[in-house]
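A.B. asks: File follows, protein-v9.csv with CSV, N, CA and C atoms:
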chain,number,residue,atom,x,y,z
A,1,MET,N,24.7,30.3,28.0
A,1,MET,CA,23.6,29.9,28.9
A,1,MET,C,24.2,29.1,30.0
A,2,PRO,N,24.5,29.7,31.2
A,2,PRO,CA,25.1,29.0,32.3
A,2,PRO,C,24.1,27.9,32.9
A,3,THR,N,24.6,26.7,32.9
A,3,THR,CA,23.9,25.6,33.6
A,3,THR,C,24.3,25.7,35.1
A,4,LEU,N,23.2,25.7,35.9
A,4,LEU,CA,23.5,25.8,37.4
A,4,LEU,C,23.8,24.4,37.9
A,5,PHE,N,22.9,23.4,37.5
A,5,PHE,CA,23.1,22.0,37.9
A,5,PHE,C,22.1,21.2,37.2
A,6,ILE,N,22.4,19.9,37.2
A,6,ILE,CA,21.5,18.9,36.6
A,6,ILE,C,21.2,17.8,37.6
A,7,LEU,N,19.9,17.7,37.9
A,7,LEU,CA,19.5,16.7,38.9
A,7,LEU,C,18.3,15.8,38.3
A,8,PHE,N,18.4,14.5,38.4
A,8,PHE,CA,17.4,13.6,37.9
A,8,PHE,C,17.1,13.9,36.4
A,9,GLY,N,18.1,14.4,35.7
A,9,GLY,CA,17.9,14.6,34.3
A,9,GLY,C,17.3,16.0,34.0
A,10,TYR,N,17.0,16.8,35.0
A,10,TYR,CA,16.4,18.1,34.8
A,10,TYR,C,17.6,19.1,34.8
A,11,ARG,N,17.7,19.9,33.8
A,11,ARG,CA,18.8,20.9,33.7
A,11,ARG,C,18.3,22.3,34.1
A,12,PHE,N,18.9,22.9,35.1
A,12,PHE,CA,18.5,24.2,35.7
A,12,PHE,C,19.5,25.2,35.1
A,13,PHE,N,19.0,26.2,34.5
A,13,PHE,CA,19.9,27.2,33.9
A,13,PHE,C,19.3,28.6,33.8
A,14,PHE,N,20.1,29.6,33.4
A,14,PHE,CA,19.5,30.9,33.0
A,14,PHE,C,20.3,31.3,31.8
A,15,TRP,N,19.7,32.3,31.1
A,15,TRP,CA,20.4,32.8,29.9
A,15,TRP,C,21.4,33.9,30.3
A,16,SER,N,22.4,34.1,29.5
A,16,SER,CA,23.4,35.0,29.8
A,16,SER,C,23.0,36.5,29.8
A,17,ASN,N,21.8,36.8,29.2
A,17,ASN,CA,21.3,38.1,29.1
A,17,ASN,C,20.0,38.3,29.9
A,18,GLU,N,19.9,37.6,31.0
A,18,GLU,CA,18.6,37.6,31.8
A,18,GLU,C,18.3,39.0,32.4
A,19,HIS,N,17.2,39.0,33.0
A,19,HIS,CA,16.7,40.2,33.6
A,19,HIS,C,16.0,39.8,35.0
A,20,GLU,N,15.9,40.8,35.8
A,20,GLU,CA,15.2,40.5,37.1
A,20,GLU,C,13.7,40.5,36.9
A,21,PRO,N,12.9,39.9,37.7
A,21,PRO,CA,13.3,39.2,38.9
A,21,PRO,C,14.1,37.9,38.6
A,22,ILE,N,14.8,37.4,39.6
A,22,ILE,CA,15.6,36.2,39.5
A,22,ILE,C,14.7,35.1,39.1
A,23,HIS,N,15.0,34.4,38.0
A,23,HIS,CA,14.2,33.3,37.6
A,23,HIS,C,15.2,32.3,37.0
A,24,VAL,N,14.7,31.0,36.9
A,24,VAL,CA,15.5,29.9,36.3
A,24,VAL,C,14.6,29.2,35.3
A,25,HIS,N,15.3,28.7,34.3
A,25,HIS,CA,14.7,27.8,33.3
A,25,HIS,C,15.1,26.4,33.6
A,26,VAL,N,14.2,25.5,33.3
A,26,VAL,CA,14.4,24.0,33.6
A,26,VAL,C,14.0,23.3,32.3
A,27,ASN,N,14.9,22.4,31.9
A,27,ASN,CA,14.4,21.6,30.7
A,27,ASN,C,14.9,20.1,30.9
A,28,LYS,N,14.1,19.3,30.2
A,28,LYS,CA,14.4,17.9,30.2
A,28,LYS,C,13.8,17.4,28.9
A,29,GLY,N,14.6,16.8,28.0
A,29,GLY,CA,14.1,16.4,26.7
A,29,GLY,C,13.5,17.6,26.0
A,30,GLU,N,12.3,17.5,25.6
A,30,GLU,CA,11.6,18.5,24.8
A,30,GLU,C,10.8,19.5,25.7
A,31,SER,N,10.7,19.2,27.0
A,31,SER,CA,10.0,20.0,27.9
A,31,SER,C,10.8,21.1,28.5
A,32,GLU,N,10.1,22.3,28.8
A,32,GLU,CA,10.8,23.4,29.5
A,32,GLU,C,9.9,24.2,30.3
A,33,ALA,N,10.4,24.7,31.4
A,33,ALA,CA,9.6,25.5,32.3
A,33,ALA,C,10.4,26.7,32.8
A,34,LYS,N,9.8,27.7,33.3
A,34,LYS,CA,10.4,28.9,33.9
A,34,LYS,C,9.8,29.2,35.2
A,35,TYR,N,10.6,29.4,36.2
A,35,TYR,CA,10.2,29.7,37.6
A,35,TYR,C,10.8,31.0,38.1
A,36,ASN,N,10.0,31.8,38.9
A,36,ASN,CA,10.5,32.8,39.7
A,36,ASN,C,11.1,32.2,40.9
A,37,VAL,N,12.4,32.5,41.1
A,37,VAL,CA,13.1,31.8,42.2
A,37,VAL,C,12.7,32.2,43.6
A,38,GLU,N,12.4,33.5,43.8
A,38,GLU,CA,12.0,34.0,45.1
A,38,GLU,C,10.7,33.5,45.5
A,39,THR,N,9.7,33.4,44.7
A,39,THR,CA,8.4,33.0,45.0
A,39,THR,C,8.1,31.5,44.7
A,40,LEU,N,9.0,30.9,43.9
A,40,LEU,CA,8.8,29.6,43.4
A,40,LEU,C,7.6,29.5,42.5
A,41,GLU,N,7.2,30.6,41.9
A,41,GLU,CA,6.0,30.6,41.1
A,41,GLU,C,6.3,30.1,39.7
A,42,LEU,N,5.5,29.2,39.1
A,42,LEU,CA,5.7,28.8,37.8
A,42,LEU,C,5.2,29.9,36.8
A,43,ILE,N,6.1,30.3,36.0
A,43,ILE,CA,5.9,31.4,35.0
A,43,ILE,C,5.4,30.8,33.7
A,44,GLU,N,6.1,29.8,33.2
A,44,GLU,CA,5.7,29.1,31.9
A,44,GLU,C,6.0,27.6,32.0
A,45,ASN,N,5.2,26.9,31.3
A,45,ASN,CA,5.4,25.4,31.3
A,45,ASN,C,5.1,24.9,29.9
A,46,PHE,N,6.1,24.3,29.3
A,46,PHE,CA,5.9,23.7,28.0
A,46,PHE,C,6.2,22.2,28.0
A,47,GLY,N,5.2,21.4,28.4
A,47,GLY,CA,5.3,20.0,28.3
A,47,GLY,C,5.6,19.2,29.6
A,48,PHE,N,5.9,19.8,30.7
A,48,PHE,CA,6.1,19.0,31.9
A,48,PHE,C,4.7,18.6,32.5
A,49,LYS,N,4.6,17.4,33.0
A,49,LYS,CA,3.4,16.9,33.7
A,49,LYS,C,3.4,17.4,35.1
A,50,LYS,N,2.3,17.3,35.7
A,50,LYS,CA,2.1,17.8,37.1
A,50,LYS,C,3.1,17.2,38.1
A,51,ASN,N,3.3,15.9,38.0
A,51,ASN,CA,4.2,15.2,38.9
A,51,ASN,C,5.7,15.7,38.7
A,52,GLU,N,6.0,16.0,37.4
A,52,GLU,CA,7.4,16.5,37.1
A,52,GLU,C,7.5,17.9,37.7
A,53,LEU,N,6.5,18.8,37.6
A,53,LEU,CA,6.5,20.1,38.2
A,53,LEU,C,6.7,20.1,39.7
A,54,LYS,N,6.1,19.1,40.3
A,54,LYS,CA,6.3,19.0,41.8
A,54,LYS,C,7.7,18.6,42.1
A,55,MET,N,8.3,17.8,41.3
A,55,MET,CA,9.7,17.4,41.5
A,55,MET,C,10.6,18.6,41.3
A,56,ILE,N,10.4,19.3,40.3
A,56,ILE,CA,11.2,20.5,40.0
A,56,ILE,C,11.0,21.6,41.1
A,57,GLU,N,9.8,21.8,41.6
A,57,GLU,CA,9.6,22.8,42.6
A,57,GLU,C,10.3,22.3,43.9
A,58,SER,N,10.3,21.1,44.2
A,58,SER,CA,11.0,20.6,45.4
A,58,SER,C,12.5,20.8,45.2
A,59,ILE,N,13.1,20.6,44.1
A,59,ILE,CA,14.5,20.8,43.8
A,59,ILE,C,14.8,22.3,43.9
A,60,LEU,N,13.9,23.2,43.4
A,60,LEU,CA,14.1,24.6,43.5
A,60,LEU,C,14.1,25.1,44.9
A,61,GLU,N,13.1,24.6,45.7
A,61,GLU,CA,13.0,25.0,47.1
A,61,GLU,C,14.3,24.6,47.9
A,62,GLU,N,14.9,23.4,47.6
A,62,GLU,CA,16.1,23.0,48.3
A,62,GLU,C,17.3,23.8,47.9
A,63,ASN,N,17.3,24.3,46.7
A,63,ASN,CA,18.5,25.0,46.1
A,63,ASN,C,18.3,26.4,45.9
A,64,LYS,N,17.3,27.0,46.4
A,64,LYS,CA,17.0,28.4,46.2
A,64,LYS,C,18.1,29.4,46.5
A,65,ASN,N,18.8,29.2,47.6
A,65,ASN,CA,20.0,30.1,47.9
A,65,ASN,C,21.1,29.9,47.0
A,66,VAL,N,21.4,28.6,46.6
A,66,VAL,CA,22.4,28.4,45.6
A,66,VAL,C,22.2,29.1,44.3
A,67,ILE,N,20.9,29.0,43.8
A,67,ILE,CA,20.5,29.6,42.6
A,67,ILE,C,20.7,31.1,42.7
A,68,LYS,N,20.3,31.7,43.8
A,68,LYS,CA,20.4,33.2,43.9
A,68,LYS,C,21.9,33.6,44.0
A,69,GLN,N,22.7,32.8,44.7
A,69,GLN,CA,24.1,33.1,44.7
A,69,GLN,C,24.8,33.0,43.4
A,70,ARG,N,24.4,31.9,42.6
A,70,ARG,CA,25.0,31.8,41.3
A,70,ARG,C,24.6,32.9,40.4
A,71,TRP,N,23.3,33.3,40.5
A,71,TRP,CA,22.8,34.5,39.7
A,71,TRP,C,23.7,35.7,40.0
A,72,ASP,N,23.8,35.9,41.3
A,72,ASP,CA,24.6,37.1,41.8
A,72,ASP,C,26.0,37.0,41.3
A,73,GLU,N,26.7,35.9,41.4
A,73,GLU,CA,28.0,35.7,40.9
A,73,GLU,C,28.1,36.0,39.4
A,74,TYR,N,27.2,35.4,38.7
A,74,TYR,CA,27.3,35.6,37.2
A,74,TYR,C,27.0,37.0,36.7
A,75,PHE,N,26.1,37.6,37.3
A,75,PHE,CA,25.7,39.0,36.9
A,75,PHE,C,26.4,40.1,37.8
A,76,ASN,N,27.3,39.6,38.7
A,76,ASN,CA,28.1,40.5,39.5
A,76,ASN,C,27.2,41.5,40.3
A,77,LYS,N,26.2,41.0,41.0
A,77,LYS,CA,25.4,41.8,41.9
A,77,LYS,C,25.6,41.4,43.3
A,78,ARG,N,25.2,42.2,44.2
A,78,ARG,CA,25.3,41.9,45.6
A,78,ARG,C,24.2,40.9,46.1
A,79,PHE,N,24.7,39.8,46.7
A,79,PHE,CA,23.8,38.8,47.1
A,79,PHE,C,23.4,39.0,48.6
A,80,GLU,N,22.1,39.1,48.9
A,80,GLU,CA,21.6,39.3,50.2
A,80,GLU,C,20.9,38.0,50.7
A,81,LYS,N,21.3,37.5,51.8
A,81,LYS,CA,20.8,36.3,52.4
A,81,LYS,C,19.5,36.6,53.1
Render the structure in this file as C-alpha cells.

C.D. replies:
Amino acid sequence: MPTLFILFGYRFFFWSNEHEPIHVHVNKGESEAKYNVETLELIENFGFKKNELKMIESILEENKNVIKQRWDEYFNKRFEK
C-alpha cells in the first residue's frame, strides 16, 4: 500500500490493487476516509469529524495533480494534465 505523503498526521495512500476512478484513502489513528481525486467527492468516512474532513479536502485540492501523477507512475498509465 503505497503512501503518497503524510501531512498533519494524515496519511494519504492507495492500495496496490486499486481500480479506477482514481481515489485516495486517508487515515489518522482509527479514522479512515476515501475520496474520488478528480471530483474531491467523499466516498466513505469512518470516524473523521467535519473539521477534519475540511482539512483533508483542502490538502487533496492542493495536491490533486501530485496524487494523479503518483497513481499514474505506480500503475504505469498515461498521465494527462

A.B. asks: Between A:Arg70, A:Lys64, A:His25, A:Arg11, which residue has the minimum interatomic distance to Glu38 (chain A), considering only C-alpha atoms?

C.D. replies: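 The closest residue to Glu38 (chain A) is A:Lys64.
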
A.B. asks: Where does DSSP see alpha helix (DSSP H) in chain A, if you list the residues as JSON, numbers by chain?

C.D. replies: {"A": [50, 51, 52, 53, 54, 55, 56, 57, 58, 59, 60, 61, 62, 63, 64, 65, 66, 67, 68, 69, 70, 71, 72, 73, 74, 75]}

A.B. asks: To one decimal in Å, tell me the separation between CA of Gly47 (chain A) and CA of Glu62 (chain A).

C.D. replies: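 According to the coordinates, CA of Gly47 (chain A) and CA of Glu62 (chain A) are separated by 22.9 Å.
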
A.B. asks: Please list as a compact mmCIF listing (two decimals) with N, CA and C atoms, keeping the file's coordinate frame every residue within 10 Å of Glu52 (chain A), counting only C-alpha atoms and excluding residues in the same chain fewer than 5 positions away.

C.D. replies:
# COMPACT_ATOMS: atom_id res chain seq x y z
N TYR A 10 17.00 16.80 35.00
CA TYR A 10 16.40 18.10 34.80
C TYR A 10 17.60 19.10 34.80
N LYS A 28 14.10 19.30 30.20
CA LYS A 28 14.40 17.90 30.20
C LYS A 28 13.80 17.40 28.90
N GLY A 47 5.20 21.40 28.40
CA GLY A 47 5.30 20.00 28.30
C GLY A 47 5.60 19.20 29.60
N GLU A 57 9.80 21.80 41.60
CA GLU A 57 9.60 22.80 42.60
C GLU A 57 10.30 22.30 43.90
N SER A 58 10.30 21.10 44.20
CA SER A 58 11.00 20.60 45.40
C SER A 58 12.50 20.80 45.20

A.B. asks: Tell me, as a VMD selection string, which residues lie within 12 Å of Pro21 (chain A), counting only C-alpha atoms; anything in the same chain fewer than 3 positions away does not count.

C.D. replies: chain A and resid 14 18 24 34 to 41 43 68 71 to 72

A.B. asks: Could you please determine the separation between atom C of Phe46 (chain A) and atom C of His19 (chain A) in Å, to one decimal place?

C.D. replies: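 The value is 21.3 Å.
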
A.B. asks: To one decimal place, how far is CA of Glu61 (chain A) from CA of Glu73 (chain A) in Å?

C.D. replies: 19.4 Å

A.B. asks: Smallest atom-to-atom distance to Glu30 (chain A): which of A:Phe75, A:Phe48, A:Asn17, A:Leu42, using only C-alpha atoms?

C.D. replies: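 The closest residue to Glu30 (chain A) is A:Phe48.
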
A.B. asks: Using DSSP on the backbone, list every residue of chain A that comes out as strand (DSSP E), and give them as a CSV table (one decimal) with N, CA and C atoms, keeping the file's coordinate frame.

C.D. replies:
chain,number,residue,atom,x,y,z
A,3,THR,N,24.6,26.7,32.9
A,3,THR,CA,23.9,25.6,33.6
A,3,THR,C,24.3,25.7,35.1
A,4,LEU,N,23.2,25.7,35.9
A,4,LEU,CA,23.5,25.8,37.4
A,4,LEU,C,23.8,24.4,37.9
A,5,PHE,N,22.9,23.4,37.5
A,5,PHE,CA,23.1,22.0,37.9
A,5,PHE,C,22.1,21.2,37.2
A,6,ILE,N,22.4,19.9,37.2
A,6,ILE,CA,21.5,18.9,36.6
A,6,ILE,C,21.2,17.8,37.6
A,7,LEU,N,19.9,17.7,37.9
A,7,LEU,CA,19.5,16.7,38.9
A,7,LEU,C,18.3,15.8,38.3
A,10,TYR,N,17.0,16.8,35.0
A,10,TYR,CA,16.4,18.1,34.8
A,10,TYR,C,17.6,19.1,34.8
A,11,ARG,N,17.7,19.9,33.8
A,11,ARG,CA,18.8,20.9,33.7
A,11,ARG,C,18.3,22.3,34.1
A,12,PHE,N,18.9,22.9,35.1
A,12,PHE,CA,18.5,24.2,35.7
A,12,PHE,C,19.5,25.2,35.1
A,13,PHE,N,19.0,26.2,34.5
A,13,PHE,CA,19.9,27.2,33.9
A,13,PHE,C,19.3,28.6,33.8
A,23,HIS,N,15.0,34.4,38.0
A,23,HIS,CA,14.2,33.3,37.6
A,23,HIS,C,15.2,32.3,37.0
A,24,VAL,N,14.7,31.0,36.9
A,24,VAL,CA,15.5,29.9,36.3
A,24,VAL,C,14.6,29.2,35.3
A,25,HIS,N,15.3,28.7,34.3
A,25,HIS,CA,14.7,27.8,33.3
A,25,HIS,C,15.1,26.4,33.6
A,26,VAL,N,14.2,25.5,33.3
A,26,VAL,CA,14.4,24.0,33.6
A,26,VAL,C,14.0,23.3,32.3
A,27,ASN,N,14.9,22.4,31.9
A,27,ASN,CA,14.4,21.6,30.7
A,27,ASN,C,14.9,20.1,30.9
A,28,LYS,N,14.1,19.3,30.2
A,28,LYS,CA,14.4,17.9,30.2
A,28,LYS,C,13.8,17.4,28.9
A,31,SER,N,10.7,19.2,27.0
A,31,SER,CA,10.0,20.0,27.9
A,31,SER,C,10.8,21.1,28.5
A,32,GLU,N,10.1,22.3,28.8
A,32,GLU,CA,10.8,23.4,29.5
A,32,GLU,C,9.9,24.2,30.3
A,33,ALA,N,10.4,24.7,31.4
A,33,ALA,CA,9.6,25.5,32.3
A,33,ALA,C,10.4,26.7,32.8
A,34,LYS,N,9.8,27.7,33.3
A,34,LYS,CA,10.4,28.9,33.9
A,34,LYS,C,9.8,29.2,35.2
A,35,TYR,N,10.6,29.4,36.2
A,35,TYR,CA,10.2,29.7,37.6
A,35,TYR,C,10.8,31.0,38.1
A,36,ASN,N,10.0,31.8,38.9
A,36,ASN,CA,10.5,32.8,39.7
A,36,ASN,C,11.1,32.2,40.9
A,42,LEU,N,5.5,29.2,39.1
A,42,LEU,CA,5.7,28.8,37.8
A,42,LEU,C,5.2,29.9,36.8
A,43,ILE,N,6.1,30.3,36.0
A,43,ILE,CA,5.9,31.4,35.0
A,43,ILE,C,5.4,30.8,33.7
A,44,GLU,N,6.1,29.8,33.2
A,44,GLU,CA,5.7,29.1,31.9
A,44,GLU,C,6.0,27.6,32.0
A,45,ASN,N,5.2,26.9,31.3
A,45,ASN,CA,5.4,25.4,31.3
A,45,ASN,C,5.1,24.9,29.9
A,46,PHE,N,6.1,24.3,29.3
A,46,PHE,CA,5.9,23.7,28.0
A,46,PHE,C,6.2,22.2,28.0

A.B. asks: Within 6 Å of Pro2 (chain A), counting only N, CA and C atoms, which residues show up once you throw out same-chain ones fewer than 3 positions away? Write them as a VMD selection string, please.

C.D. replies: chain A and resid 12 to 16
